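Below is the file final10.txt, which contains compact mmCIF, C-alpha atoms and all ligand atoms.
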# COMPACT_ATOMS: atom_id res chain seq x y z
CA MET A 1 -20.43 -2.90 5.18
CA LEU A 2 -16.89 -1.86 6.20
CA GLY A 3 -18.19 -0.88 9.65
CA VAL A 4 -18.25 -4.33 11.27
CA PRO A 5 -15.87 -7.30 11.72
CA PRO A 6 -13.89 -8.55 9.85
CA TYR A 7 -13.45 -4.92 8.71
CA SER A 8 -13.29 -3.64 12.28
CA ASP A 9 -10.67 -4.67 14.85
CA THR A 10 -13.32 -4.40 17.57
CA ALA A 11 -16.78 -5.98 17.64
CA ASP A 12 -18.31 -3.20 19.76
CA GLY A 13 -17.78 -0.17 17.56
CA LEU A 14 -15.64 0.44 14.50
CA TYR A 15 -11.86 0.63 14.84
CA ARG A 16 -9.70 -0.11 11.82
CA ALA A 17 -6.05 0.67 12.41
CA TYR A 18 -3.21 0.73 9.90
CA LEU A 19 -1.96 -2.77 9.01
CA THR A 20 -4.23 -4.71 11.37
CA PRO A 21 -6.23 -7.75 10.21
CA ALA A 22 -9.30 -5.51 9.79
CA TYR A 23 -7.28 -3.11 7.65
CA CYS A 24 -6.04 -5.97 5.44
CA ALA A 25 -9.58 -7.39 5.14
CA ALA A 26 -10.91 -3.97 4.11
CA GLN A 27 -8.12 -3.60 1.57
CA GLU A 28 -9.06 -6.96 0.07
CA ALA A 29 -12.74 -5.98 -0.22
CA VAL A 30 -11.91 -2.59 -1.74
CA ALA A 31 -9.43 -4.21 -4.14
CA GLY A 32 -12.27 -6.42 -5.40
CA TRP A 33 -14.52 -3.39 -5.96
CA MET A 34 -11.73 -1.55 -7.77
CA ALA A 35 -11.20 -4.52 -10.07
CA GLU A 36 -14.94 -4.78 -10.76
CA ALA A 37 -14.91 -1.08 -11.72
CA GLY A 38 -12.31 -1.79 -14.41
CA MET A 39 -9.13 -0.85 -12.57
CA ALA A 40 -5.75 -2.56 -12.41
CA VAL A 41 -5.09 -2.95 -8.67
CA ARG A 42 -1.83 -2.97 -6.70
CA ARG A 43 -0.54 -2.30 -3.21
CA ASP A 44 2.13 0.38 -3.18
CA PRO A 45 5.30 0.17 -1.03
CA ALA A 46 3.58 2.12 1.80
CA ALA A 47 0.74 -0.45 1.90
CA ASN A 48 -1.70 1.92 0.20
CA LEU A 49 -4.16 0.29 -2.18
CA VAL A 50 -4.10 1.78 -5.69
CA GLY A 51 -6.48 1.14 -8.59
CA ARG A 52 -5.60 2.52 -12.03
CA TYR A 53 -8.00 3.23 -14.86
CA GLU A 54 -5.95 3.93 -17.96
CA GLY A 55 -6.38 7.14 -19.92
CA GLY A 56 -5.88 8.14 -23.54
CA ASP A 57 -2.23 8.97 -22.91
CA PRO A 58 -0.62 6.56 -20.43
CA SER A 59 2.31 8.92 -19.96
CA ALA A 60 0.19 11.99 -19.09
CA PRO A 61 0.20 13.14 -15.45
CA ILE A 62 -2.57 11.29 -13.65
CA LEU A 63 -5.56 12.41 -11.61
CA LEU A 64 -5.33 10.87 -8.14
CA ILE A 65 -8.60 10.42 -6.23
CA GLY A 66 -8.22 9.28 -2.66
CA SER A 67 -9.02 9.11 1.00
CA HIS A 68 -8.17 6.76 3.86
CA LEU A 69 -9.16 3.28 4.99
CA ASP A 70 -8.00 3.53 8.60
CA SER A 71 -10.24 4.91 11.32
CA VAL A 72 -10.21 6.33 14.82
CA ARG A 73 -11.53 4.24 17.74
CA GLY A 74 -15.31 4.30 17.92
CA ALA A 75 -15.43 5.64 14.38
CA GLY A 76 -18.25 6.30 11.97
CA ARG A 77 -18.33 4.50 8.63
CA TYR A 78 -17.94 7.45 6.31
CA ASP A 79 -14.78 9.27 7.41
CA GLY A 80 -12.33 8.00 4.78
CA PRO A 81 -14.09 5.13 2.98
CA LEU A 82 -16.70 7.51 1.51
CA GLY A 83 -14.08 9.30 -0.59
CA ILE A 84 -12.57 6.03 -1.77
CA MET A 85 -15.97 4.59 -2.70
CA LEU A 86 -16.96 7.73 -4.61
CA GLY A 87 -13.68 7.49 -6.54
CA ILE A 88 -14.43 3.87 -7.41
CA GLU A 89 -18.02 4.71 -8.39
CA ALA A 90 -16.78 7.50 -10.65
CA VAL A 91 -14.35 5.16 -12.42
CA ASP A 92 -17.06 2.50 -12.64
CA ALA A 93 -19.31 5.01 -14.42
CA LEU A 94 -16.51 5.95 -16.85
CA CYS A 95 -15.77 2.30 -17.52
CA ARG A 96 -19.41 1.36 -18.14
CA ALA A 97 -19.72 4.30 -20.55
CA GLY A 98 -16.54 3.18 -22.31
CA ARG A 99 -15.12 6.64 -21.60
CA ARG A 100 -11.38 7.21 -21.33
CA LEU A 101 -10.15 10.58 -20.09
CA PRO A 102 -7.00 12.04 -21.69
CA PHE A 103 -5.14 11.01 -18.51
CA ALA A 104 -5.27 7.97 -16.25
CA VAL A 105 -7.32 8.12 -13.06
CA GLU A 106 -5.92 6.36 -10.01
CA VAL A 107 -7.98 5.77 -6.89
CA ILE A 108 -5.84 5.50 -3.77
CA ALA A 109 -6.92 4.14 -0.39
CA PHE A 110 -4.41 5.55 2.05
CA GLY A 111 -3.47 3.51 5.10
CA ASP A 112 -2.51 5.76 7.96
CA GLU A 113 -4.36 9.06 8.04
CA GLU A 114 -5.77 9.13 11.55
CA GLY A 115 -2.62 8.16 13.43
CA SER A 116 -4.74 6.01 15.70
CA ARG A 117 -2.23 3.19 16.02
CA PHE A 118 1.31 4.54 15.71
CA PRO A 119 2.58 7.84 17.17
CA ALA A 120 2.43 9.50 13.74
CA ALA A 121 -0.30 10.44 11.30
CA MET A 122 -0.59 10.58 7.52
CA LEU A 123 2.45 8.37 7.16
CA SER A 124 1.23 6.71 4.01
CA SER A 125 0.27 9.91 2.18
CA ARG A 126 3.55 11.50 3.24
CA ALA A 127 5.27 8.53 1.62
CA VAL A 128 3.36 9.14 -1.62
CA ALA A 129 4.03 12.89 -1.53
CA GLY A 130 7.73 12.17 -0.97
CA THR A 131 7.90 14.19 2.27
CA LEU A 132 8.68 11.35 4.67
CA ASP A 133 12.08 10.70 6.31
CA ARG A 134 13.33 7.17 6.82
CA ALA A 135 13.71 7.96 10.55
CA ALA A 136 9.94 8.54 10.86
CA LEU A 137 9.43 4.82 10.25
CA ASP A 138 11.18 3.76 13.47
CA ILE A 139 8.00 3.75 15.52
CA ALA A 140 5.99 1.26 17.53
CA ASP A 141 2.36 1.04 18.63
CA ALA A 142 1.19 0.98 22.25
CA ASP A 143 1.86 -2.78 22.42
CA GLY A 144 5.45 -2.29 21.25
CA VAL A 145 4.76 -3.67 17.74
CA THR A 146 7.03 -1.79 15.37
CA LEU A 147 5.83 -0.54 12.01
CA ALA A 148 8.06 -3.17 10.38
CA ALA A 149 6.71 -5.98 12.58
CA ALA A 150 3.16 -4.82 11.77
CA GLY A 151 3.89 -5.65 8.13
CA ALA A 152 5.19 -2.42 6.60
CA ASP A 153 7.98 -2.90 4.09
CA ILE A 154 10.34 -0.41 5.72
CA ALA A 155 13.18 -1.01 3.26
CA HIS A 156 11.02 0.06 0.33
CA TYR A 157 8.45 2.30 2.05
CA LEU A 158 9.77 5.58 0.67
CA GLU A 159 9.54 4.16 -2.87
CA ALA A 160 5.82 4.92 -2.71
CA ALA A 161 6.84 8.51 -3.56
CA ARG A 162 5.34 9.75 -6.83
CA PRO A 163 7.76 11.66 -9.06
CA PRO A 164 7.18 15.42 -9.14
CA GLY A 165 4.97 16.28 -12.12
CA SER A 166 3.47 12.81 -12.37
CA VAL A 167 0.19 13.81 -10.65
CA ARG A 168 -1.87 16.58 -12.30
CA ALA A 169 -4.23 16.90 -9.32
CA TYR A 170 -5.33 15.20 -6.13
CA PHE A 171 -9.07 15.11 -5.41
CA GLU A 172 -10.73 13.97 -2.20
CA ALA A 173 -14.42 13.78 -1.36
CA HIS A 174 -15.13 13.62 2.39
CA ILE A 175 -17.91 13.90 4.93
CA GLU A 176 -17.88 17.50 6.20
CA GLN A 177 -17.53 16.43 9.86
CA GLY A 178 -19.19 19.72 10.81
CA PRO A 179 -22.62 21.36 10.73
CA VAL A 180 -22.32 24.02 8.01
CA LEU A 181 -23.82 22.26 4.98
CA GLU A 182 -26.66 20.74 6.98
CA ALA A 183 -27.50 24.08 8.57
CA GLU A 184 -27.75 25.65 5.13
CA GLY A 185 -29.68 22.76 3.56
CA LEU A 186 -26.89 21.91 1.10
CA ALA A 187 -25.76 18.45 -0.01
CA VAL A 188 -22.22 19.38 -1.03
CA GLY A 189 -19.67 22.18 -0.76
CA THR A 190 -16.29 23.12 -2.20
CA VAL A 191 -13.42 23.12 0.31
CA THR A 192 -11.17 26.18 0.22
CA GLY A 193 -8.41 24.80 2.44
CA ILE A 194 -7.50 22.84 5.54
CA ALA A 195 -6.63 24.28 8.94
CA ALA A 196 -3.08 24.13 10.32
CA GLN A 197 -2.50 21.45 12.97
CA LEU A 198 -0.02 20.87 15.77
CA ARG A 199 -0.01 17.67 17.76
CA TYR A 200 2.04 16.98 20.90
CA ARG A 201 2.51 14.21 23.43
CA VAL A 202 2.70 15.85 26.87
CA THR A 203 4.19 13.96 29.83
CA VAL A 204 3.56 15.02 33.43
CA SER A 205 5.76 13.27 36.01
CA GLY A 206 5.17 13.28 39.74
CA THR A 207 5.69 10.70 42.45
CA ALA A 208 3.65 7.52 42.78
CA GLY A 209 2.67 6.70 46.36
CA HIS A 210 0.24 4.81 48.57
CA ALA A 211 -3.26 6.26 48.33
CA GLY A 212 -3.94 5.50 51.99
CA THR A 213 -0.75 6.76 53.56
CA THR A 214 0.53 9.63 51.40
CA ALA A 215 -0.79 12.78 53.10
CA MET A 216 -2.45 15.29 50.82
CA ASP A 217 0.22 17.94 51.39
CA LEU A 218 3.01 15.49 50.55
CA ARG A 219 1.74 14.45 47.14
CA SER A 220 3.06 15.15 43.65
CA ASP A 221 -0.02 13.83 41.88
CA ALA A 222 0.59 13.78 38.13
CA LEU A 223 -3.09 13.24 37.30
CA ALA A 224 -4.38 16.11 39.44
CA GLY A 225 -1.78 18.32 37.70
CA ALA A 226 -2.78 17.05 34.27
CA ALA A 227 -6.44 17.69 35.07
CA GLU A 228 -5.65 21.31 35.91
CA MET A 229 -3.67 21.61 32.67
CA ILE A 230 -6.50 20.14 30.58
CA CYS A 231 -9.00 22.64 32.00
CA ALA A 232 -6.51 25.47 31.37
CA ILE A 233 -6.08 24.31 27.76
CA GLU A 234 -9.83 24.40 27.20
CA ASN A 235 -10.00 27.82 28.79
CA LEU A 236 -7.15 29.30 26.72
CA ALA A 237 -8.72 28.03 23.50
CA GLN A 238 -12.17 29.36 24.45
CA ARG A 239 -10.73 32.74 25.39
CA ASP A 240 -9.22 33.12 21.91
CA GLN A 241 -12.76 33.48 20.52
CA SER A 242 -11.64 32.54 17.02
CA ASP A 243 -11.57 29.41 14.88
CA LEU A 244 -8.80 28.14 17.19
CA VAL A 245 -9.54 24.72 18.71
CA ALA A 246 -7.47 22.76 21.24
CA THR A 247 -8.21 19.20 22.30
CA VAL A 248 -6.86 16.69 24.79
CA GLY A 249 -8.27 13.48 23.36
CA ALA A 250 -6.14 10.70 24.83
CA ILE A 251 -4.71 10.22 28.30
CA GLU A 252 -2.76 7.45 30.03
CA VAL A 253 -2.22 7.25 33.75
CA ALA A 254 0.56 5.24 35.37
CA PRO A 255 0.58 3.11 37.31
CA GLY A 256 -3.20 3.39 36.92
CA ALA A 257 -4.58 1.83 40.11
CA ALA A 258 -7.29 3.00 42.50
CA ASN A 259 -4.96 2.76 45.48
CA VAL A 260 -1.91 4.50 44.00
CA VAL A 261 -1.33 8.25 43.72
CA PRO A 262 -0.67 8.73 39.96
CA GLY A 263 3.06 9.05 39.23
CA ARG A 264 2.91 9.79 35.54
CA VAL A 265 0.40 10.98 32.96
CA ASP A 266 0.80 11.17 29.20
CA PHE A 267 -1.78 13.11 27.25
CA SER A 268 -2.26 14.23 23.66
CA LEU A 269 -2.62 17.88 22.72
CA ASP A 270 -4.05 18.86 19.33
CA VAL A 271 -4.20 22.57 18.37
CA ARG A 272 -5.69 23.87 15.09
CA SER A 273 -6.59 27.06 13.32
CA GLY A 274 -6.99 28.24 9.76
CA LYS A 275 -4.21 30.71 10.58
CA GLY A 276 -0.83 29.13 11.34
CA SER A 277 0.34 32.16 13.35
CA ARG A 278 -2.71 32.00 15.63
CA ARG A 279 -2.22 28.28 16.16
CA ASP A 280 1.43 28.82 17.09
CA ARG A 281 0.69 31.71 19.44
CA VAL A 282 -1.98 29.79 21.38
CA ALA A 283 0.05 26.56 21.43
CA ALA A 284 2.98 28.48 22.95
CA ALA A 285 0.66 30.03 25.57
CA ILE A 286 -0.77 26.59 26.40
CA LEU A 287 2.65 25.04 26.91
CA GLU A 288 3.79 27.95 29.06
CA CYS A 289 0.66 27.64 31.19
CA CYS A 290 1.25 23.89 31.61
CA GLU A 291 4.85 24.64 32.72
CA ASP A 292 3.50 27.06 35.35
CA ILE A 293 1.00 24.52 36.66
CA ALA A 294 3.73 21.86 36.84
CA ARG A 295 6.08 24.22 38.70
CA HIS A 296 3.45 25.16 41.28
CA ARG A 297 2.64 21.52 41.93
CA GLY A 298 6.21 20.22 42.06
CA LEU A 299 5.73 18.18 38.89
CA ARG A 300 7.97 17.78 35.85
CA LEU A 301 6.65 18.53 32.37
CA ALA A 302 8.01 17.28 29.05
CA TYR A 303 6.47 17.47 25.62
CA GLU A 304 7.21 16.07 22.19
CA LEU A 305 5.96 17.55 18.93
CA LEU A 306 4.38 14.70 16.95
CA HIS A 307 3.32 16.66 13.94
CA ASP A 308 3.18 20.14 12.53
CA LEU A 309 1.00 20.49 9.44
CA PRO A 310 0.74 23.93 7.87
CA ALA A 311 -2.58 25.28 6.65
CA SER A 312 -3.20 23.92 3.17
CA PRO A 313 -5.15 25.97 0.63
CA CYS A 314 -6.94 24.12 -2.18
CA ASP A 315 -6.12 25.05 -5.77
CA GLY A 316 -8.01 28.07 -7.15
CA ARG A 317 -8.62 26.70 -10.63
CA LEU A 318 -9.83 23.33 -9.31
CA MET A 319 -12.15 25.08 -6.83
CA ASP A 320 -13.68 26.98 -9.74
CA LEU A 321 -14.18 23.74 -11.68
CA LEU A 322 -15.83 22.13 -8.66
CA ASP A 323 -18.10 25.15 -8.17
CA GLU A 324 -19.07 25.00 -11.86
CA SER A 325 -19.80 21.28 -11.50
CA VAL A 326 -22.03 21.87 -8.46
CA ALA A 327 -23.87 24.66 -10.29
CA ALA A 328 -24.26 22.54 -13.45
CA GLU A 329 -26.06 19.94 -11.34
CA GLY A 330 -28.44 22.66 -10.22
CA PHE A 331 -27.21 23.16 -6.66
CA PRO A 332 -26.06 26.36 -4.93
CA VAL A 333 -22.32 26.86 -4.71
CA ARG A 334 -20.94 26.99 -1.17
CA ARG A 335 -17.27 27.26 -0.23
CA LEU A 336 -16.09 26.24 3.24
CA VAL A 337 -12.89 25.62 5.15
CA SER A 338 -11.98 22.27 6.73
CA GLY A 339 -11.09 22.17 10.42
CA ALA A 340 -10.40 18.45 10.09
CA GLY A 341 -7.16 17.20 8.62
CA HIS A 342 -7.08 15.19 5.41
CA ASP A 343 -4.55 13.40 3.22
CA ALA A 344 -5.13 16.29 0.80
CA MET A 345 -3.04 18.57 3.03
CA ILE A 346 -0.09 16.26 2.54
CA MET A 347 -0.70 15.75 -1.15
CA ALA A 348 -0.68 19.53 -1.65
CA SER A 349 3.12 19.42 -1.75
CA LEU A 350 2.94 17.06 -4.75
CA ALA A 351 0.01 18.38 -6.76
CA PRO A 352 -2.81 20.95 -6.80
CA THR A 353 -5.60 19.69 -4.55
CA ALA A 354 -9.40 19.88 -4.52
CA MET A 355 -11.90 18.62 -1.98
CA LEU A 356 -15.67 18.20 -2.05
CA PHE A 357 -17.52 18.01 1.28
CA LEU A 358 -20.75 16.07 1.74
CA ARG A 359 -23.41 17.02 4.28
CA CYS A 360 -22.90 15.39 7.69
CA ALA A 361 -25.98 14.52 9.79
CA GLY A 362 -25.96 16.68 12.92
CA GLY A 363 -22.36 17.68 12.17
CA VAL A 364 -21.38 14.50 14.09
CA SER A 365 -18.16 12.68 13.15
CA HIS A 366 -15.53 10.48 14.83
CA ASN A 367 -18.60 8.89 16.37
CA PRO A 368 -20.68 5.81 15.44
CA ALA A 369 -23.62 8.15 14.73
CA GLU A 370 -21.76 9.61 11.71
CA GLN A 371 -24.20 9.58 8.76
CA VAL A 372 -24.30 10.61 5.10
CA ASP A 373 -27.51 10.27 3.09
CA ALA A 374 -27.36 8.02 0.03
CA ALA A 375 -29.11 10.80 -1.92
CA ASP A 376 -26.24 13.19 -1.06
CA ALA A 377 -23.69 10.61 -2.16
CA ASP A 378 -25.54 10.38 -5.50
CA ILE A 379 -25.38 14.16 -5.89
CA ALA A 380 -21.66 14.12 -5.03
CA LEU A 381 -21.06 11.44 -7.66
CA ARG A 382 -22.82 13.50 -10.30
CA VAL A 383 -20.74 16.53 -9.35
CA ILE A 384 -17.56 14.44 -9.51
CA MET A 385 -18.45 13.14 -13.00
CA ARG A 386 -18.86 16.73 -14.21
CA PHE A 387 -15.61 17.70 -12.51
CA LEU A 388 -13.74 14.90 -14.30
CA GLU A 389 -15.08 16.04 -17.66
CA LYS A 390 -14.07 19.64 -16.90
CA MET A 391 -10.59 18.45 -16.00
CA ALA A 392 -10.49 16.51 -19.26
CA ASP A 393 -11.49 19.69 -21.16
CA ASP A 394 -8.75 21.60 -19.35
CA ALA A 395 -6.19 18.96 -20.28
CA THR A 396 -7.02 19.12 -23.96
CA ALA A 397 -7.55 22.89 -24.18
O1 LIG B 1 -7.63 14.48 12.87
C1 LIG B 1 -8.24 14.83 11.85
O2 LIG B 1 -8.57 15.96 11.62
C2 LIG B 1 -8.65 13.82 10.84
O3 LIG B 1 -9.85 13.26 11.16
N1 LIG B 1 -7.67 12.91 10.55
MN MN B 2 -10.91 11.52 7.22
MN MN B 3 -11.03 11.33 10.84
Any chance you could give the structure as structure tokens?
Amino acid sequence: MLGVPPYSDTADGLYRAYLTPAYCAAQEAVAGWMAEAGMAVRRDPAANLVGRYEGGDPSAPILLIGSHLDSVRGAGRYDGPLGIMLGIEAVDALCRAGRRLPFAVEVIAFGDEEGSRFPAAMLSSRAVAGTLDRAALDIADADGVTLAAAGADIAHYLEAARPPGSVRAYFEAHIEQGPVLEAEGLAVGTVTGIAAQLRYRVTVSGTAGHAGTTAMDLRSDALAGAAEMICAIENLAQRDQSDLVATVGAIEVAPGAANVVPGRVDFSLDVRSGKGSRRDRVAAAILECCEDIARHRGLRLAYELLHDLPASPCDGRLMDLLDESVAAEGFPVRRLVSGAGHDAMIMASLAPTAMLFLRCAGGVSHNPAEQVDAADADIALRVIMRFLEKMADDATA
């Protein structure tokens, strides 16, 4: 139900950006479901929604279960909300059974994971992990709306930070966003870690001119240069023949008219690999190649690093508990790495992390065709319930 207005900012395809009306409407709906599941609900200073289900010892470090409510443009319905809903369902099952774990469980719906509105990503989980600088909040979206004007409480934002030691573990269930589980006929898998990411904004500057009167040999066409760079980026990533992936996913052309030679292009560059050193080596080669192309074409190149997320391994003990939970439900154990980024990679600096992947139809994600079977979600919920009990056993052992 969260896939359409008022929970989407666009009527033709899902887009729910941090702090927009659709985001606030979705928060309200999820808050209602959290309350129905027996949780005390609040909005934290970073505009994350948090539901708390009390445990036997209110002062014991909590288990945090989360994922994100924001989406990319043209999103599917499962990337983010699935993990939140499974957390709520798990608490609902505990509550209906009258079961209290030795520690409180909090379900958190993070606000800005995708970075699809502001030039930053995972702002709200970085606030919770306590790894965010005040300066990172001085940002504005493409329409010039600052984070503060969008409704974020900048003065108190960093107070969303959880004290070290207050979170015993962070758990996130997520659609796999890849083809591995489906190819192997498996409903769920245990994530071993998340690939390292680099994200840049690249700016190519040339000279705008009249499309009818600027001779071909007198042009400094920023878009033609950017096009050559984008093909070179694809080529360099392909040639690495590894898990390395590089993507140009957004591009803006100025002035952006059919009868004007493009004077400026801004494009995004996203580079990932399970190995940080490989990611850095290829990113450096890409930027050098872009410099060469710019030089040959008489263009200027500038780039800004928007984020640098190291590879993030999941916790060994928690992976074992998840594997045991999958096996106890009668399913084969499968471990796999995540190429996609998740709030878990930020939360890893605060607490041990665990992630459970659910089978993704056709491996398709960041696309309206994204699909998870209800039967797989049921299996995931059963696995999560076992996992919670194993964590409870661990806590009392
Ligand atoms: O970009 C990512 O990997 C994620 O979907 N946020
Ligand atoms: Mn996601
Ligand atoms: Mn995503």
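If only C-alpha atoms are the atoms counted, then among A:Leu306, A:Ala149, A:Ile65, A:Ala257 the closest residue to Leu82 of chain A is A:Ile65.
Using all atoms listed in the file, the protein and nucleic acid residues lying no more than 9 Å from Phe331 of chain A, apart from those fewer than 5 places from it along its own chain, are A:Leu186, A:Ala187, A:Val188, A:Val326.
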Which residues, protein or nucleic acid, reach to within 12 Å of (3.0, 5.5, 7.3) in the file's coordinates when using only C-alpha atoms, and can you give that as a compact mmCIF listing (two decimals) with C-alpha atoms, in the frame of the given file?
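The file below, result.txt, is the result:
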# COMPACT_ATOMS: atom_id res chain seq x y z
CA ALA A 17 -6.05 0.67 12.41
CA TYR A 18 -3.21 0.73 9.90
CA LEU A 19 -1.96 -2.77 9.01
CA ASP A 44 2.13 0.38 -3.18
CA PRO A 45 5.30 0.17 -1.03
CA ALA A 46 3.58 2.12 1.80
CA ALA A 47 0.74 -0.45 1.90
CA ASN A 48 -1.70 1.92 0.20
CA HIS A 68 -8.17 6.76 3.86
CA ASP A 70 -8.00 3.53 8.60
CA PHE A 110 -4.41 5.55 2.05
CA GLY A 111 -3.47 3.51 5.10
CA ASP A 112 -2.51 5.76 7.96
CA GLU A 113 -4.36 9.06 8.04
CA GLU A 114 -5.77 9.13 11.55
CA GLY A 115 -2.62 8.16 13.43
CA SER A 116 -4.74 6.01 15.70
CA ARG A 117 -2.23 3.19 16.02
CA PHE A 118 1.31 4.54 15.71
CA PRO A 119 2.58 7.84 17.17
CA ALA A 120 2.43 9.50 13.74
CA ALA A 121 -0.30 10.44 11.30
CA MET A 122 -0.59 10.58 7.52
CA LEU A 123 2.45 8.37 7.16
CA SER A 124 1.23 6.71 4.01
CA SER A 125 0.27 9.91 2.18
CA ARG A 126 3.55 11.50 3.24
CA ALA A 127 5.27 8.53 1.62
CA VAL A 128 3.36 9.14 -1.62
CA ALA A 129 4.03 12.89 -1.53
CA GLY A 130 7.73 12.17 -0.97
CA THR A 131 7.90 14.19 2.27
CA LEU A 132 8.68 11.35 4.67
CA ASP A 133 12.08 10.70 6.31
CA ARG A 134 13.33 7.17 6.82
CA ALA A 135 13.71 7.96 10.55
CA ALA A 136 9.94 8.54 10.86
CA LEU A 137 9.43 4.82 10.25
CA ASP A 138 11.18 3.76 13.47
CA ILE A 139 8.00 3.75 15.52
CA ALA A 140 5.99 1.26 17.53
CA THR A 146 7.03 -1.79 15.37
CA LEU A 147 5.83 -0.54 12.01
CA ALA A 148 8.06 -3.17 10.38
CA ALA A 150 3.16 -4.82 11.77
CA GLY A 151 3.89 -5.65 8.13
CA ALA A 152 5.19 -2.42 6.60
CA ASP A 153 7.98 -2.90 4.09
CA ILE A 154 10.34 -0.41 5.72
CA HIS A 156 11.02 0.06 0.33
CA TYR A 157 8.45 2.30 2.05
CA LEU A 158 9.77 5.58 0.67
CA ALA A 160 5.82 4.92 -2.71
CA ALA A 161 6.84 8.51 -3.56
CA ASP A 343 -4.55 13.40 3.22
Item to check | Selection within 12 Å of ligand MN 2 (chain B) by all atoms listed in the file, output as a ChimeraX atom specification | outcome: /A:66-72,75-84,109-116,121-122,172-177,194,338-345,355,357,365-366,370
Next on the checklist: Counting all atoms listed in the file, which residues have an atom no more than 6 Å from (-6.8, 5.0, 49.0) in the file's coordinates? Please list them as a count of residues only.
Outcome noted: 3
